[in-house]
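Encoded as structure tokens, the structure appears first; notes follow it.
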Amino acid sequence: MQYDFEKCWDRRGTSCVKYDLMEPFFGSDELLPMWVADMDIATPDFILDDLRKRLEHPFLGYTFGGASYREAVLQWLEKRYAVHAREDEIHYIPGIVAGIAFCLQAFTREGDAVVVTTPVYPPFLNLPQHGHRELRCSPLQIRNGRFAIDYEDFEQRLQGAKLLILSNPHNPGGTVWSPDELQRIAALCEKHHVTVISDEIHADLTLPGHRHTSYSTVSEAARSHSITFIAPSKTFNIAGLSSSVAYIPDPSLRQTLFSYIDGYELANGNVFAYTGAESAFRHGEPWLVQLLEYLEGNIGYAIGYLQQHIPEVKIIWPEASYLLWMDFSALGLTHEELRRRLIEKAHVALNDGTAFGGKDYECHFRMNIGCPRPMLEEGLRRICSVL
Ligand SMILES: Cc1ncc(COP(=O)(O)O)c(C=O)c1O
């Protein structure tokens with residue numbers, strides 16, 4: 001392996017959410033952080049080098065995403081996902097969560113219904129509620145060890161709704177939706193006139209043996225009613241650069257969202273966001289290929305270890321990304337007791353399942369395995385020793 005993913009780093013004291021904000025969330029900062037979805041694998045050198053190079057020029061004035069940045073984004077979309085985007089169809093956004101907030105403002109009003117499939121990344125639930133939209137959750141089922149949509153329930157929730165927010169691939173399950181599944185979603189959304197946000201932040205992390213399908217490519221309907229968000233932030237561990245992208249092929253949706261963003265000047269970007277994203281998209285593929293092999297190894301190791309030591313645990317085997325969704329309910333412990341043991345005895349910080357969709361996900365936890373193997377081994381040892 002050309003790159004060293006095994007090196008353990010001390011990230012404390014760097015204003016790092018995953019390390020330096022444990023105290024307010026867990027009541028202690030002495031935990032092993034396996035929660036926030038950023039990796040404990042360092043940002044690759046080619047990105048750091050490009051950022052350093054940019055700093056050789058002593059001006060950090062107002063900036064914009066220039067032709068070279070836009071070309072790198074378009075090439076990445078084309079090469080990896082067969083998305084034939086044009087320059088005017090993409091727009092820098094500071095983050096995907098911000099992008100979802102922009103869509104809620106631009107496409108919906110207070111009281112409008114927004115559909116999500118649960119469990120799901122918590123901001124999908126929190127943002128619509130914050131904006132006084134009606135949140136409609138369609139619970140996912142587990143079929144053949146992966147998440148699956150209950151189409152009957154899903155269609156009911158779509159009736160009269162304005163927006164679907166889809167995690168494609170899915171966080172926390174790591175499910176890579178197939179072209180068939182996406183086509184079915186698209187047909188239902190088209191039938192009910194629902195605009196779709198396809199959040200593809202985890203797409204680059206699709207694991208060997210699986211294939212990501214970008215939502216807009218599955219049908220003409222999908223193309224005409226969707227907003228796709230991509231980002232290099234999960235892939236290359238550069239979330240602190242705030243650099244995501246919106247892609248909208250439909251002229252009317254594009255005009256609505258982009259004029260909202262530009263009119264309020266919500267997405268002017270910054271020097272590091274553009275430089276870092278361009279570097280990632282231009283030079284990132286060989287590093288990414290090796291990272292995915294490493295993550296696949298971590299997933300196999302973690303699931304094997306957990307199944308050996310806590311055979312009652314149910315885990316969804318991820319098809320993308322570095323998050324494990326674990327159900328400990330067969331242990332017969334309450335959610336509070338599980339949480340207490342994990343935090344106070346194992347000293348491990350995991351994401352609480354209830355944040356992903358409420359009480360239905362008690363006794364569920366999400367573990368981030370995007371870290372050097374020694375850290376993963378330590379986390380697993382601690383978890384298993386208290387359960
Ligand atoms: C599905 C999903 N969307 C968006 C984000 C965050 O995106 P951003 O940092 O660009 O707001 C995450 C981070 O974990 C995520 O899992």
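Simple scheme: letters A, B, ... for chains in structure tokens order, numbers from 1 for residues in each chain, numbers from 1 for ligands in the order shown.
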
Environment of ligand 1 within 6 Å, counting only C-alpha atoms and all ligand atoms, reported as a PDB file with N, CA and C atoms, in the first residue's frame:
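So out18.pdb came out as:
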```
ATOM      1  N   ALA A  37     -19.062  11.843  11.620  1.00  0.00           N
ATOM      2  CA  ALA A  37     -18.574  11.188  10.398  1.00  0.00           C
ATOM      3  C   ALA A  37     -17.450  11.985   9.755  1.00  0.00           C
ATOM      4  N   GLY A  95     -21.934  23.800   2.180  1.00  0.00           N
ATOM      5  CA  GLY A  95     -22.100  22.483   2.791  1.00  0.00           C
ATOM      6  C   GLY A  95     -23.396  21.898   2.290  1.00  0.00           C
ATOM      7  N   ILE A  96     -23.537  20.592   2.425  1.00  0.00           N
ATOM      8  CA  ILE A  96     -24.769  19.972   1.944  1.00  0.00           C
ATOM      9  C   ILE A  96     -25.918  20.270   2.902  1.00  0.00           C
ATOM     10  N   VAL A  97     -25.611  20.319   4.196  1.00  0.00           N
ATOM     11  CA  VAL A  97     -26.678  20.655   5.139  1.00  0.00           C
ATOM     12  C   VAL A  97     -27.182  22.071   4.837  1.00  0.00           C
ATOM     13  N   ALA A  98     -26.261  22.977   4.574  1.00  0.00           N
ATOM     14  CA  ALA A  98     -26.676  24.328   4.172  1.00  0.00           C
ATOM     15  C   ALA A  98     -27.494  24.247   2.878  1.00  0.00           C
ATOM     16  N   TYR A 121     -29.632  10.439   8.623  1.00  0.00           N
ATOM     17  CA  TYR A 121     -28.732  11.502   9.084  1.00  0.00           C
ATOM     18  C   TYR A 121     -29.559  12.618   9.757  1.00  0.00           C
ATOM     19  N   SER A 167     -30.900  10.150   1.146  1.00  0.00           N
ATOM     20  CA  SER A 167     -29.473   9.928   1.374  1.00  0.00           C
ATOM     21  C   SER A 167     -29.039   8.809   0.433  1.00  0.00           C
ATOM     22  N   ASN A 171     -26.984   7.026   4.810  1.00  0.00           N
ATOM     23  CA  ASN A 171     -26.379   7.153   6.127  1.00  0.00           C
ATOM     24  C   ASN A 171     -27.536   7.096   7.116  1.00  0.00           C
ATOM     25  N   ASP A 199     -28.802  13.496  -1.851  1.00  0.00           N
ATOM     26  CA  ASP A 199     -27.571  13.858  -1.134  1.00  0.00           C
ATOM     27  C   ASP A 199     -26.557  12.736  -1.370  1.00  0.00           C
ATOM     28  N   ILE A 201     -23.227  12.667  -0.787  1.00  0.00           N
ATOM     29  CA  ILE A 201     -21.947  12.942  -0.124  1.00  0.00           C
ATOM     30  C   ILE A 201     -21.148  11.658   0.124  1.00  0.00           C
ATOM     31  N   ALA A 239     -13.846  18.132   5.605  1.00  0.00           N
ATOM     32  CA  ALA A 239     -15.122  18.787   5.935  1.00  0.00           C
ATOM     33  C   ALA A 239     -14.898  20.212   6.446  1.00  0.00           C
ATOM     34  N   SER A 244     -18.871  22.079  -0.940  1.00  0.00           N
ATOM     35  CA  SER A 244     -19.787  21.122  -1.562  1.00  0.00           C
ATOM     36  C   SER A 244     -20.319  21.710  -2.869  1.00  0.00           C
TER      37      SER A 244
END
```

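Those residues that approach Glu285 (chain A) to within 12 Å, counting only C-alpha atoms, are A:Pro44, A:Phe46, A:Gln75, A:Trp76, A:Lys79, A:Arg80, A:Asp204, A:Leu205, A:Pro232, A:Thr235, A:Phe236, A:Ser279, A:Ala280, A:Phe281, A:Arg282, A:His283, A:Trp287, A:Leu288, A:Val289, A:Gln290, A:Leu291, A:Leu292; same-chain residues fewer than 2 positions away are not listed.
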
Please produce a file of the residues just selected, as a PDB file, in the first residue's frame, where the atoms kept are N, CA and C atoms.
```
ATOM      1  N   PRO A  44      -5.086  13.754   2.621  1.00  0.00           N
ATOM      2  CA  PRO A  44      -3.900  13.350   1.842  1.00  0.00           C
ATOM      3  C   PRO A  44      -2.961  14.516   1.501  1.00  0.00           C
ATOM      4  N   PHE A  46      -1.397  15.419  -1.156  1.00  0.00           N
ATOM      5  CA  PHE A  46      -1.518  16.225  -2.385  1.00  0.00           C
ATOM      6  C   PHE A  46      -2.473  17.404  -2.163  1.00  0.00           C
ATOM      7  N   GLN A  75     -15.333  17.120 -14.397  1.00  0.00           N
ATOM      8  CA  GLN A  75     -14.621  15.899 -14.790  1.00  0.00           C
ATOM      9  C   GLN A  75     -14.874  14.772 -13.794  1.00  0.00           C
ATOM     10  N   TRP A  76     -14.909  15.108 -12.521  1.00  0.00           N
ATOM     11  CA  TRP A  76     -15.164  14.088 -11.477  1.00  0.00           C
ATOM     12  C   TRP A  76     -16.565  13.486 -11.677  1.00  0.00           C
ATOM     13  N   LYS A  79     -16.500  11.330 -14.964  1.00  0.00           N
ATOM     14  CA  LYS A  79     -15.675  10.122 -14.934  1.00  0.00           C
ATOM     15  C   LYS A  79     -16.215   9.101 -13.946  1.00  0.00           C
ATOM     16  N   ARG A  80     -16.616   9.555 -12.789  1.00  0.00           N
ATOM     17  CA  ARG A  80     -16.988   8.581 -11.754  1.00  0.00           C
ATOM     18  C   ARG A  80     -18.458   8.182 -11.831  1.00  0.00           C
ATOM     19  N   ASP A 204     -18.696   8.711  -3.228  1.00  0.00           N
ATOM     20  CA  ASP A 204     -17.300   8.368  -3.550  1.00  0.00           C
ATOM     21  C   ASP A 204     -16.795   7.223  -2.687  1.00  0.00           C
ATOM     22  N   LEU A 205     -17.456   7.019  -1.562  1.00  0.00           N
ATOM     23  CA  LEU A 205     -16.992   5.990  -0.629  1.00  0.00           C
ATOM     24  C   LEU A 205     -17.706   4.657  -0.853  1.00  0.00           C
ATOM     25  N   PRO A 232     -16.433  16.701  -1.749  1.00  0.00           N
ATOM     26  CA  PRO A 232     -15.208  15.926  -1.507  1.00  0.00           C
ATOM     27  C   PRO A 232     -14.920  15.767  -0.009  1.00  0.00           C
ATOM     28  N   THR A 235     -15.030  12.085   1.527  1.00  0.00           N
ATOM     29  CA  THR A 235     -14.080  11.257   0.789  1.00  0.00           C
ATOM     30  C   THR A 235     -12.644  11.525   1.191  1.00  0.00           C
ATOM     31  N   PHE A 236     -12.290  12.816   1.256  1.00  0.00           N
ATOM     32  CA  PHE A 236     -10.881  13.180   1.461  1.00  0.00           C
ATOM     33  C   PHE A 236     -10.651  13.807   2.830  1.00  0.00           C
ATOM     34  N   SER A 279      -8.132  20.225  -5.879  1.00  0.00           N
ATOM     35  CA  SER A 279      -7.041  19.279  -5.701  1.00  0.00           C
ATOM     36  C   SER A 279      -7.587  17.860  -5.514  1.00  0.00           C
ATOM     37  N   ALA A 280      -8.610  17.739  -4.672  1.00  0.00           N
ATOM     38  CA  ALA A 280      -9.208  16.425  -4.401  1.00  0.00           C
ATOM     39  C   ALA A 280      -9.736  15.807  -5.694  1.00  0.00           C
ATOM     40  N   PHE A 281     -10.513  16.588  -6.438  1.00  0.00           N
ATOM     41  CA  PHE A 281     -11.140  16.043  -7.640  1.00  0.00           C
ATOM     42  C   PHE A 281     -10.115  15.766  -8.744  1.00  0.00           C
ATOM     43  N   ARG A 282      -9.057  16.562  -8.799  1.00  0.00           N
ATOM     44  CA  ARG A 282      -8.063  16.347  -9.867  1.00  0.00           C
ATOM     45  C   ARG A 282      -7.127  15.184  -9.575  1.00  0.00           C
ATOM     46  N   HIS A 283      -6.703  15.085  -8.302  1.00  0.00           N
ATOM     47  CA  HIS A 283      -5.624  14.126  -8.006  1.00  0.00           C
ATOM     48  C   HIS A 283      -6.047  12.972  -7.108  1.00  0.00           C
ATOM     49  N   TRP A 287      -5.518   7.670  -4.456  1.00  0.00           N
ATOM     50  CA  TRP A 287      -5.599   7.635  -2.980  1.00  0.00           C
ATOM     51  C   TRP A 287      -6.924   7.006  -2.547  1.00  0.00           C
ATOM     52  N   LEU A 288      -7.982   7.414  -3.236  1.00  0.00           N
ATOM     53  CA  LEU A 288      -9.315   6.925  -2.882  1.00  0.00           C
ATOM     54  C   LEU A 288      -9.427   5.410  -3.063  1.00  0.00           C
ATOM     55  N   VAL A 289      -8.851   4.908  -4.143  1.00  0.00           N
ATOM     56  CA  VAL A 289      -8.921   3.461  -4.406  1.00  0.00           C
ATOM     57  C   VAL A 289      -8.311   2.703  -3.222  1.00  0.00           C
ATOM     58  N   GLN A 290      -7.179   3.204  -2.738  1.00  0.00           N
ATOM     59  CA  GLN A 290      -6.520   2.515  -1.622  1.00  0.00           C
ATOM     60  C   GLN A 290      -7.267   2.722  -0.312  1.00  0.00           C
ATOM     61  N   LEU A 291      -7.822   3.908  -0.141  1.00  0.00           N
ATOM     62  CA  LEU A 291      -8.597   4.156   1.080  1.00  0.00           C
ATOM     63  C   LEU A 291      -9.767   3.160   1.164  1.00  0.00           C
ATOM     64  N   LEU A 292     -10.430   2.949   0.029  1.00  0.00           N
ATOM     65  CA  LEU A 292     -11.602   2.064   0.046  1.00  0.00           C
ATOM     66  C   LEU A 292     -11.224   0.636   0.417  1.00  0.00           C
TER      67      LEU A 292
END
```

Report task. Extract the full set of helix (DSSP H, G or I) residues from region 103-348 of chain A according to DSSP on the backbone, and format it as an NGL selection string. Result -> :A and (103-107 or 123-130 or 151-158 or 179-191 or 203-205 or 215-217 or 220-224 or 233-236 or 239-241 or 251-263 or 271-283 or 285-309 or 329-331 or 335-345)

Query - Polymer residues at most 10 Å from Ser68 (chain A), only C-alpha atoms, same-chain spacing of 2 or more positions, as an NGL selection string - result: :A and (65-66 or 70-74 or 274-275 or 278 or 282)

Query - Exercise: region 310-327 of chain A partners within 7 Å, only C-alpha atoms, chain neighbours under 3 positions left out, as a list of chain:residue names - result: A:Gly145, A:Arg146, A:Pro169, A:Pro172, A:Gly173, A:Gly174, A:Thr175, A:Val176, A:His202, A:Leu205, A:Thr206, A:Leu207, A:His210, A:Leu295, A:Leu306, A:Gln307, A:Ala330, A:Leu331, A:Cys363, A:His364, A:Phe365, A:Arg366, A:Met367, A:Asn368, A:Ile369, A:Gly370, A:Cys384

Query raised in the report: If you measure from CA of Glu293 (chain A) to CA of Pro208 (chain A), what distance in Å do you get, rounded to one decimal?
Result: 7.3 Å

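Secondary structure of region 251-323 of chain A, strand (DSSP E) only (DSSP, backbone atoms): Lys314, Ile315, Ile316 and Leu323 of chain A.
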
Selection from above, N, CA and C atoms, as a compact mmCIF listing (two decimals), in the first residue's frame, can you write it?
```
# COMPACT_ATOMS: atom_id res chain seq x y z
N LYS A 314 -27.05 -6.96 15.88
CA LYS A 314 -27.42 -7.01 14.45
C LYS A 314 -26.77 -5.81 13.77
N ILE A 315 -26.05 -6.07 12.71
CA ILE A 315 -25.31 -4.99 12.04
C ILE A 315 -25.68 -5.01 10.56
N ILE A 316 -25.87 -3.82 10.01
CA ILE A 316 -26.06 -3.73 8.56
C ILE A 316 -24.68 -3.64 7.92
N LEU A 323 -19.50 3.78 8.19
CA LEU A 323 -20.38 3.86 9.36
C LEU A 323 -21.08 2.53 9.57
```
